[in-house]
Every structure is written in structure tokens, then in C-alpha cells.
Amino acid sequence: DVPVFLVEQTIEYRVYEHYVHTLPKFIQPFFALDILKLKYWEKHYWKQATLMSTVSEEDKEVMVSDIADLSVEVIPTAAGEDLANLWKNEKKISTPTILLLCNFLWLQNTEAANKLIQDIFPALKKSIPELRCLIAGQHAKEKLNAIYPLGVEIRDIAPSDIQAVLDAVDQSSIMVAPLSGPGGSRLKILGAMAAGVPVVTSKTGIAGIEAKNDIEVIIAKNDSDYIRGILKLFSDPIHYQLIRKNARHLYEKKYSWDNVLIKLEATYHRLAKK
């Protein structure tokens with residue numbers, strides 16, 4: 001038999017389940033069957049695989065709890081070299097700018113954008129009046145079509161427009177990703193770390209990346225944590241520089257393509273012997 005290696009970037013039923021739980025309670029039961037169908041078919045294909053791969057220990061734990069004898073390997077995602085090449089020893093931005101960069105077809109990303117725009121950014125503007133908020137990515141204007149406060153820019157980026165991604169990251173002071181929904185690893189977060197843009201996010205947002213709070217990233221539990229962490233980065237240049245250098249070191253140690261490919265190649269060799 002030919003061995004089957006199945007890569008599960010995101011556990012889809014968990015993403016949809018999280019979204020349903022944000023809806024009014026009287027509506028939620030109507031979506032229960034959809035969640036069950038998603039879960040059934042995902043588990044069905046997991047069972048067909050000789051070996052599963054996921055990008056985080058958290059996702060592996062979920063998969064093994066669903067199917068006890070499932071064989072799962074954790075292979076982290078690597079940051080793109082284009083973003084890594086943006087690294088500078090010193091980062092200076094003329095206008096302080098916070099960034100959320102992602103694909104807004106994902107429900108949890110739209111949720112995070114609304115949280116940033118409606119709750120976090122207005123509070124930050126009271127302390128930093130000149131602050132800009134850049135929300136950029138695929139389908140941004142389609143999914144975020146409300147009228148937003150002064151200082152917020154919604155920027156569409158086509159899937160193939162790598163330069164627009166690089167520009168958005170290079171023009172930003174801090175990546176802010178108030179994610180609460182599950183889903184694989186966070187490519188853009190890892191890319192920002194590689195590029196030297198400090199990241200403020202949630203424990204969920206940093207899932208799949210072995211970063212420690214207040215060392216390589218700032219991990220926030222609520223709006224107050226986000227506001228406090230962002231203001232500290234803007235007001236303390238030494239802390240800002242320390243976070244970005246530590247994050248870059250973590251990328252070079254664990255999340256460059258050279259390091260990830262070593263583990264992936266070893267997995268293929270082991271699978272070929274089965």
C-alpha cells in the first residue's frame with residue numbers, strides 16, 4: 001500500500017464551532033448539524049492517513065483526543081524569506097502604525113479586525129493621537145465594509161501581490177492580532193516576527209509558535225492587556241528593540257525554512273519505510 005501523509009493546516013470544525021458560539025444562543029442549535037458533519041468528514045479522512053501532520057501541539061492534542069490511536073507529527077510552519085529579508089537592526093517609522101494582516105475570508109480574522117477597530121484602537125488614540133491602524137489582506141474591504149474611525153485604513157491585497165504584503169509590514173510599527181478563534185499556525189504573525197515587527201496577540205493567536213510572553217511577543221488576555229502592551233512598546237524603545245530582536249532570534253532558530261525542512265525531510269524518510 002502507498003503511505004498517505006495528510007497535512008491538516010487548520011481543524012475546520014473548530015473554526016466553525018467557535019464562530020457559532022459567537023452567535024445569539026437561540027440561533028446556535030440550528031448550526032449544530034453543520035458542525036457535526038464537518039467533524040465527521042474531517043475525522044473520516046484523518047483515519048485514512050498513514051501519518052497526520054499539524055502545525056501546533058494544540059491541534060495535535062485535539063486530534064488525538066478525537067481519535068486516540070491517530071499518528072500525528074507536529075511540523076511547524078516556516079516564515080517566508082521575503083518577509084525575513086525586511087529585517088533591519090533598527091526599525092524607525094515616521095507615523096506610529098499598528099497592523100493586522102490576514103485573509104479575511106477566515107471568520108476569526110474578521111472577528112479580530114472588528115475587535116481591533118472598535119475596542120482597542122479608539123482607546124490607543126487617546127494616548128497617541130497620531131496613531132494609524134492598517135487592516136490589510138485578501139477580501140478586506142468586502143468583509144469589513146462598515147464606516148470606521150479616522151485613522152483606520154482598510155487595504156485590499158490580492159493573493160499574488162507579495163510586494164503589497166511586504167509594504168504593509170515594512171510600513172508598520174507593531175502587529176496587533178486580537179485572535180480568539182482557533183486555526184492552525186499564524187503565518188503573518190510569524191512573518192512579522194521574522195521581519196522585526198513586534199507582535200501583540202492572544203494565546204490563541206500565537207498557537208503553533210513557541211514564543212514566550214514579554215520576551216519574543218506580548219500575549220494579551222483582554223483589551224486592557226492589548227492597550228497596555230502596545231503603549232509600552234511605543235513608549236519604551238529599549239523594550240521595543242528587545243522584543244523584536246528576541247523574536248528574530250526565535251525565527252532563525254526554529255522557523256526558518258532550513259530548520260523546518262530538516263524535520264519535514266526526516267518525516268518523509270520515516271514514512272517511506274512504512
# chains A, B, ... in the order shown; residues from 1 in each chain; ligands from 1
$ closest_atom_pairs --of "range 22-135 of chain A" --to "range 159-165 of chain A" --cutoff "9 Å" --atoms "only C-alpha atoms" --output "JSON lines"
{"residue": "A:Asp82", "atom": "CA", "partner": "A:Ile162", "partner_atom": "CA", "distance": 8.3}
{"residue": "A:Leu83", "atom": "CA", "partner": "A:Val165", "partner_atom": "CA", "distance": 8.5}
{"residue": "A:Leu101", "atom": "CA", "partner": "A:Val165", "partner_atom": "CA", "distance": 8.0}
{"residue": "A:Asn103", "atom": "CA", "partner": "A:Pro159", "partner_atom": "CA", "distance": 8.9}
$ closest_atom_pairs --of "range 60-95 of chain A" --to "range 181-204 of chain A" --cutoff "6 Å" --atoms "only C-alpha atoms" --output "JSON lines"
{"residue": "A:Ala79", "atom": "CA", "partner": "A:Gly191", "partner_atom": "CA", "distance": 5.0}
{"residue": "A:Leu83", "atom": "CA", "partner": "A:Ala195", "partner_atom": "CA", "distance": 5.3}
{"residue": "A:Ala84", "atom": "CA", "partner": "A:Ala195", "partner_atom": "CA", "distance": 4.7}
{"residue": "A:Leu86", "atom": "CA", "partner": "A:Ala195", "partner_atom": "CA", "distance": 5.1}
{"residue": "A:Trp87", "atom": "CA", "partner": "A:Ala195", "partner_atom": "CA", "distance": 4.6}
$ write_last_selection --atoms "N, CA and C atoms" --output "CSV table (one decimal), in the first residue's frame"
chain,number,residue,atom,x,y,z
A,79,ALA,N,8.4,30.9,8.2
A,79,ALA,CA,8.2,32.2,7.7
A,79,ALA,C,8.8,32.4,6.3
A,83,LEU,N,9.6,38.2,3.7
A,83,LEU,CA,9.4,38.9,4.9
A,83,LEU,C,10.6,39.0,5.8
A,84,ALA,N,11.3,37.8,5.9
A,84,ALA,CA,12.5,37.8,6.7
A,84,ALA,C,13.6,38.8,6.2
A,86,LEU,N,13.1,41.7,5.2
A,86,LEU,CA,12.8,43.1,5.6
A,86,LEU,C,13.6,43.5,6.9
A,87,TRP,N,14.2,42.5,7.5
A,87,TRP,CA,14.8,42.8,8.8
A,87,TRP,C,15.9,43.9,8.7
$ closest_residue --among "A:Leu6, A:Val15, A:Ala136, A:Leu144" --to "Leu166 in chain A" --atoms "only C-alpha atoms"
A:Ala136
$ closest_residue --among "A:Val176, A:Ile98, A:Ile227, A:Leu107" --to "Tyr16 in chain A" --atoms "only C-alpha atoms"
A:Leu107
$ atom_distance --atom1 "CA of Ile230 in chain A" --atom2 "CA of Pro76 in chain A"
26.9 Å
$ residues_around --residues "Lys273 in chain A" --least-positions-apart "4" --cutoff "12 Å" --atoms "only C-alpha atoms" --output "list in words"
Asp1, Val2, Pro3, Thr50, Ala266, Thr267, Tyr268 and His269 of chain A
$ closest_residue --among "A:Ala211, A:Asp223, A:Asp236, A:Leu261" --to "Arg248 in chain A" --atoms "only C-alpha atoms"
A:Ala211
$ closest_residue --among "A:Lys254, A:Gly151, A:Ile262, A:Glu17" --to "Lys37 in chain A" --atoms "only C-alpha atoms"
A:Glu17
$ atom_distance --atom1 "CA of Tyr251 in chain A" --atom2 "CA of Ile117 in chain A"
28.6 Å
$ residues_around --residues "Leu264 in chain A" --least-positions-apart "6" --cutoff "10 Å" --atoms "only C-alpha atoms" --output "ChimeraX atom specification"
/A:53,73-76,270
$ write_last_selection --atoms "N, CA and C atoms" --output "PDB file, in the first residue's frame"
ATOM      1  N   SER A  53      -0.080  15.306   9.852  1.00  0.00           N
ATOM      2  CA  SER A  53       0.802  16.395  10.266  1.00  0.00           C
ATOM      3  C   SER A  53      -0.047  17.611  10.602  1.00  0.00           C
ATOM      4  N   GLU A  73       2.253  14.034  13.598  1.00  0.00           N
ATOM      5  CA  GLU A  73       3.549  14.695  13.706  1.00  0.00           C
ATOM      6  C   GLU A  73       3.329  16.203  13.675  1.00  0.00           C
ATOM      7  N   VAL A  74       3.994  16.933  14.567  1.00  0.00           N
ATOM      8  CA  VAL A  74       3.916  18.396  14.553  1.00  0.00           C
ATOM      9  C   VAL A  74       5.102  18.934  13.748  1.00  0.00           C
ATOM     10  N   ILE A  75       4.786  19.589  12.640  1.00  0.00           N
ATOM     11  CA  ILE A  75       5.813  20.220  11.805  1.00  0.00           C
ATOM     12  C   ILE A  75       5.468  21.699  11.688  1.00  0.00           C
ATOM     13  N   PRO A  76       6.245  22.555  12.308  1.00  0.00           N
ATOM     14  CA  PRO A  76       5.892  23.985  12.327  1.00  0.00           C
ATOM     15  C   PRO A  76       5.950  24.612  10.944  1.00  0.00           C
ATOM     16  N   ARG A 270      10.972   8.631   7.187  1.00  0.00           N
ATOM     17  CA  ARG A 270      10.361   7.675   8.116  1.00  0.00           C
ATOM     18  C   ARG A 270       9.087   7.083   7.523  1.00  0.00           C
TER      19      ARG A 270
END
$ select_by_dssp --residues "range 60-105 of chain A" --states "alpha helix (DSSP H)" --output "PDB file with all heavy atoms, in the first residue's frame"
ATOM      1  N   LYS A  60      -2.618  19.055  17.634  1.00  0.00           N
ATOM      2  CA  LYS A  60      -2.331  17.627  17.807  1.00  0.00           C
ATOM      3  C   LYS A  60      -3.128  17.058  18.977  1.00  0.00           C
ATOM      4  O   LYS A  60      -3.709  15.961  18.889  1.00  0.00           O
ATOM      5  CB  LYS A  60      -0.840  17.409  18.043  1.00  0.00           C
ATOM      6  CG  LYS A  60      -0.484  15.950  18.289  1.00  0.00           C
ATOM      7  CD  LYS A  60       1.006  15.759  18.525  1.00  0.00           C
ATOM      8  CE  LYS A  60       1.319  14.296  18.839  1.00  0.00           C
ATOM      9  NZ  LYS A  60       2.776  14.065  19.039  1.00  0.00           N
ATOM     10  N   GLU A  61      -3.188  17.791  20.084  1.00  0.00           N
ATOM     11  CA  GLU A  61      -3.936  17.322  21.252  1.00  0.00           C
ATOM     12  C   GLU A  61      -5.418  17.141  20.923  1.00  0.00           C
ATOM     13  O   GLU A  61      -6.047  16.173  21.365  1.00  0.00           O
ATOM     14  CB  GLU A  61      -3.763  18.307  22.417  1.00  0.00           C
ATOM     15  CG  GLU A  61      -2.373  18.289  23.029  1.00  0.00           C
ATOM     16  CD  GLU A  61      -2.188  19.385  24.060  1.00  0.00           C
ATOM     17  OE1 GLU A  61      -3.202  20.050  24.413  1.00  0.00           O
ATOM     18  OE2 GLU A  61      -1.043  19.592  24.513  1.00  0.00           O
ATOM     19  N   VAL A  62      -5.981  18.079  20.149  1.00  0.00           N
ATOM     20  CA  VAL A  62      -7.390  17.972  19.758  1.00  0.00           C
ATOM     21  C   VAL A  62      -7.603  16.733  18.897  1.00  0.00           C
ATOM     22  O   VAL A  62      -8.548  15.962  19.107  1.00  0.00           O
ATOM     23  CB  VAL A  62      -7.841  19.233  18.990  1.00  0.00           C
ATOM     24  CG1 VAL A  62      -9.225  19.021  18.375  1.00  0.00           C
ATOM     25  CG2 VAL A  62      -7.865  20.437  19.924  1.00  0.00           C
ATOM     26  N   MET A  63      -6.729  16.514  17.940  1.00  0.00           N
ATOM     27  CA  MET A  63      -6.877  15.394  17.017  1.00  0.00           C
ATOM     28  C   MET A  63      -6.758  14.051  17.737  1.00  0.00           C
ATOM     29  O   MET A  63      -7.531  13.123  17.496  1.00  0.00           O
ATOM     30  CB  MET A  63      -5.843  15.504  15.895  1.00  0.00           C
ATOM     31  CG  MET A  63      -6.064  16.723  15.009  1.00  0.00           C
ATOM     32  SD  MET A  63      -4.653  17.118  13.952  1.00  0.00           S
ATOM     33  CE  MET A  63      -4.802  15.823  12.740  1.00  0.00           C
ATOM     34  N   VAL A  64      -5.789  13.944  18.646  1.00  0.00           N
ATOM     35  CA  VAL A  64      -5.594  12.696  19.381  1.00  0.00           C
ATOM     36  C   VAL A  64      -6.728  12.464  20.374  1.00  0.00           C
ATOM     37  O   VAL A  64      -7.103  11.325  20.640  1.00  0.00           O
ATOM     38  CB  VAL A  64      -4.218  12.700  20.086  1.00  0.00           C
ATOM     39  CG1 VAL A  64      -4.069  11.486  20.997  1.00  0.00           C
ATOM     40  CG2 VAL A  64      -3.100  12.712  19.046  1.00  0.00           C
ATOM     41  N   SER A  65      -7.293  13.539  20.903  1.00  0.00           N
ATOM     42  CA  SER A  65      -8.446  13.378  21.805  1.00  0.00           C
ATOM     43  C   SER A  65      -9.677  12.900  21.035  1.00  0.00           C
ATOM     44  O   SER A  65     -10.530  12.196  21.575  1.00  0.00           O
ATOM     45  CB  SER A  65      -8.760  14.681  22.531  1.00  0.00           C
ATOM     46  OG  SER A  65      -9.266  15.659  21.631  1.00  0.00           O
ATOM     47  N   ASP A  66      -9.768  13.257  19.742  1.00  0.00           N
ATOM     48  CA  ASP A  66     -10.870  12.784  18.898  1.00  0.00           C
ATOM     49  C   ASP A  66     -10.662  11.332  18.453  1.00  0.00           C
ATOM     50  O   ASP A  66     -11.610  10.551  18.379  1.00  0.00           O
ATOM     51  CB  ASP A  66     -11.017  13.679  17.658  1.00  0.00           C
ATOM     52  CG  ASP A  66     -11.687  15.011  17.956  1.00  0.00           C
ATOM     53  OD1 ASP A  66     -12.327  15.120  19.024  1.00  0.00           O
ATOM     54  OD2 ASP A  66     -11.561  15.936  17.142  1.00  0.00           O
ATOM     55  N   GLU A  81      10.751  33.874   3.230  1.00  0.00           N
ATOM     56  CA  GLU A  81      12.044  34.558   3.167  1.00  0.00           C
ATOM     57  C   GLU A  81      11.901  36.016   2.744  1.00  0.00           C
ATOM     58  O   GLU A  81      12.725  36.858   3.122  1.00  0.00           O
ATOM     59  CB  GLU A  81      12.969  33.811   2.211  1.00  0.00           C
ATOM     60  CG  GLU A  81      13.380  32.439   2.732  1.00  0.00           C
ATOM     61  CD  GLU A  81      14.339  31.720   1.803  1.00  0.00           C
ATOM     62  OE1 GLU A  81      14.613  32.259   0.709  1.00  0.00           O
ATOM     63  OE2 GLU A  81      14.809  30.639   2.178  1.00  0.00           O
ATOM     64  N   ASP A  82      10.867  36.338   1.958  1.00  0.00           N
ATOM     65  CA  ASP A  82      10.655  37.735   1.552  1.00  0.00           C
ATOM     66  C   ASP A  82      10.442  38.627   2.768  1.00  0.00           C
ATOM     67  O   ASP A  82      10.997  39.730   2.854  1.00  0.00           O
ATOM     68  CB  ASP A  82       9.450  37.846   0.614  1.00  0.00           C
ATOM     69  CG  ASP A  82       9.738  37.271  -0.763  1.00  0.00           C
ATOM     70  OD1 ASP A  82      10.914  37.229  -1.142  1.00  0.00           O
ATOM     71  OD2 ASP A  82       8.789  36.857  -1.444  1.00  0.00           O
ATOM     72  N   LEU A  83       9.624  38.164   3.715  1.00  0.00           N
ATOM     73  CA  LEU A  83       9.390  38.934   4.936  1.00  0.00           C
ATOM     74  C   LEU A  83      10.643  38.961   5.804  1.00  0.00           C
ATOM     75  O   LEU A  83      10.985  40.002   6.379  1.00  0.00           O
ATOM     76  CB  LEU A  83       8.216  38.347   5.710  1.00  0.00           C
ATOM     77  CG  LEU A  83       6.833  38.680   5.160  1.00  0.00           C
ATOM     78  CD1 LEU A  83       5.762  37.818   5.816  1.00  0.00           C
ATOM     79  CD2 LEU A  83       6.504  40.155   5.365  1.00  0.00           C
ATOM     80  N   ALA A  84      11.324  37.847   5.891  1.00  0.00           N
ATOM     81  CA  ALA A  84      12.545  37.792   6.694  1.00  0.00           C
ATOM     82  C   ALA A  84      13.596  38.774   6.179  1.00  0.00           C
ATOM     83  O   ALA A  84      14.377  39.331   6.956  1.00  0.00           O
ATOM     84  CB  ALA A  84      13.101  36.371   6.703  1.00  0.00           C
TER      85      ALA A  84
END
$ decode --residues "range 122-192 of chain A" --atoms "C-alpha atoms" --output "PDB file, in the first residue's frame"
ATOM      1  CA  PRO A 122     -10.025  54.078  19.903  1.00  0.00           C
ATOM      2  CA  ALA A 123      -8.522  53.615  23.373  1.00  0.00           C
ATOM      3  CA  LEU A 124      -4.990  53.826  21.972  1.00  0.00           C
ATOM      4  CA  LYS A 125      -5.820  57.047  20.075  1.00  0.00           C
ATOM      5  CA  LYS A 126      -6.488  58.803  23.377  1.00  0.00           C
ATOM      6  CA  SER A 127      -2.831  58.343  24.304  1.00  0.00           C
ATOM      7  CA  ILE A 128      -1.327  58.516  20.778  1.00  0.00           C
ATOM      8  CA  PRO A 129      -3.499  60.900  18.681  1.00  0.00           C
ATOM      9  CA  GLU A 130      -1.339  60.455  15.547  1.00  0.00           C
ATOM     10  CA  LEU A 131      -1.641  56.630  15.622  1.00  0.00           C
ATOM     11  CA  ARG A 132      -2.708  54.837  12.396  1.00  0.00           C
ATOM     12  CA  CYS A 133      -4.406  51.449  12.137  1.00  0.00           C
ATOM     13  CA  LEU A 134      -3.806  49.473   8.945  1.00  0.00           C
ATOM     14  CA  ILE A 135      -6.090  46.492   8.281  1.00  0.00           C
ATOM     15  CA  ALA A 136      -4.722  44.722   5.204  1.00  0.00           C
ATOM     16  CA  GLY A 137      -5.215  41.464   3.387  1.00  0.00           C
ATOM     17  CA  GLN A 138      -7.323  39.450   0.997  1.00  0.00           C
ATOM     18  CA  HIS A 139     -11.033  40.424   0.856  1.00  0.00           C
ATOM     19  CA  ALA A 140     -10.537  43.141   3.483  1.00  0.00           C
ATOM     20  CA  LYS A 141     -12.971  45.676   2.004  1.00  0.00           C
ATOM     21  CA  GLU A 142     -15.531  43.006   1.145  1.00  0.00           C
ATOM     22  CA  LYS A 143     -15.682  41.637   4.695  1.00  0.00           C
ATOM     23  CA  LEU A 144     -15.064  44.914   6.566  1.00  0.00           C
ATOM     24  CA  ASN A 145     -17.428  47.286   4.813  1.00  0.00           C
ATOM     25  CA  ALA A 146     -18.587  49.496   7.697  1.00  0.00           C
ATOM     26  CA  ILE A 147     -17.608  53.141   8.289  1.00  0.00           C
ATOM     27  CA  TYR A 148     -14.591  53.247  10.573  1.00  0.00           C
ATOM     28  CA  PRO A 149     -12.955  55.921  12.767  1.00  0.00           C
ATOM     29  CA  LEU A 150     -10.440  58.437  11.487  1.00  0.00           C
ATOM     30  CA  GLY A 151      -7.004  56.859  11.258  1.00  0.00           C
ATOM     31  CA  VAL A 152      -8.187  53.410  10.138  1.00  0.00           C
ATOM     32  CA  GLU A 153      -7.201  52.247   6.646  1.00  0.00           C
ATOM     33  CA  ILE A 154      -8.713  49.135   5.067  1.00  0.00           C
ATOM     34  CA  ARG A 155      -6.385  47.883   2.318  1.00  0.00           C
ATOM     35  CA  ASP A 156      -7.159  45.045  -0.096  1.00  0.00           C
ATOM     36  CA  ILE A 157      -4.225  42.830  -1.079  1.00  0.00           C
ATOM     37  CA  ALA A 158      -4.521  40.379  -3.954  1.00  0.00           C
ATOM     38  CA  PRO A 159      -3.325  36.789  -3.258  1.00  0.00           C
ATOM     39  CA  SER A 160      -0.431  37.166  -5.697  1.00  0.00           C
ATOM     40  CA  ASP A 161       0.661  40.657  -4.601  1.00  0.00           C
ATOM     41  CA  ILE A 162       3.687  39.835  -2.475  1.00  0.00           C
ATOM     42  CA  GLN A 163       5.037  43.377  -2.697  1.00  0.00           C
ATOM     43  CA  ALA A 164       1.865  44.791  -1.112  1.00  0.00           C
ATOM     44  CA  VAL A 165       2.327  42.407   1.830  1.00  0.00           C
ATOM     45  CA  LEU A 166       5.947  43.489   2.208  1.00  0.00           C
ATOM     46  CA  ASP A 167       4.955  47.169   2.056  1.00  0.00           C
ATOM     47  CA  ALA A 168       2.266  46.744   4.728  1.00  0.00           C
ATOM     48  CA  VAL A 169       4.678  45.046   7.120  1.00  0.00           C
ATOM     49  CA  ASP A 170       7.557  47.429   6.381  1.00  0.00           C
ATOM     50  CA  GLN A 171       5.338  50.494   6.985  1.00  0.00           C
ATOM     51  CA  SER A 172       4.078  49.241  10.377  1.00  0.00           C
ATOM     52  CA  SER A 173       5.406  49.633  13.897  1.00  0.00           C
ATOM     53  CA  ILE A 174       3.559  46.778  15.633  1.00  0.00           C
ATOM     54  CA  MET A 175       1.495  43.797  14.511  1.00  0.00           C
ATOM     55  CA  VAL A 176      -1.680  43.536  16.621  1.00  0.00           C
ATOM     56  CA  ALA A 177      -3.729  40.343  16.235  1.00  0.00           C
ATOM     57  CA  PRO A 178      -6.543  40.004  18.811  1.00  0.00           C
ATOM     58  CA  LEU A 179      -7.490  36.492  17.693  1.00  0.00           C
ATOM     59  CA  SER A 180      -9.837  34.360  19.746  1.00  0.00           C
ATOM     60  CA  GLY A 181     -10.793  31.708  17.177  1.00  0.00           C
ATOM     61  CA  PRO A 182      -8.668  28.562  16.680  1.00  0.00           C
ATOM     62  CA  GLY A 183      -6.964  27.617  13.455  1.00  0.00           C
ATOM     63  CA  GLY A 184      -3.512  26.228  12.704  1.00  0.00           C
ATOM     64  CA  SER A 185      -0.491  28.478  12.877  1.00  0.00           C
ATOM     65  CA  ARG A 186      -0.362  32.190  12.241  1.00  0.00           C
ATOM     66  CA  LEU A 187       1.717  32.739   9.127  1.00  0.00           C
ATOM     67  CA  LYS A 188       1.506  36.525   9.134  1.00  0.00           C
ATOM     68  CA  ILE A 189       2.388  36.682  12.835  1.00  0.00           C
ATOM     69  CA  LEU A 190       5.448  34.535  12.251  1.00  0.00           C
ATOM     70  CA  GLY A 191       6.322  36.662   9.216  1.00  0.00           C
ATOM     71  CA  ALA A 192       6.128  39.849  11.286  1.00  0.00           C
TER      72      ALA A 192
END
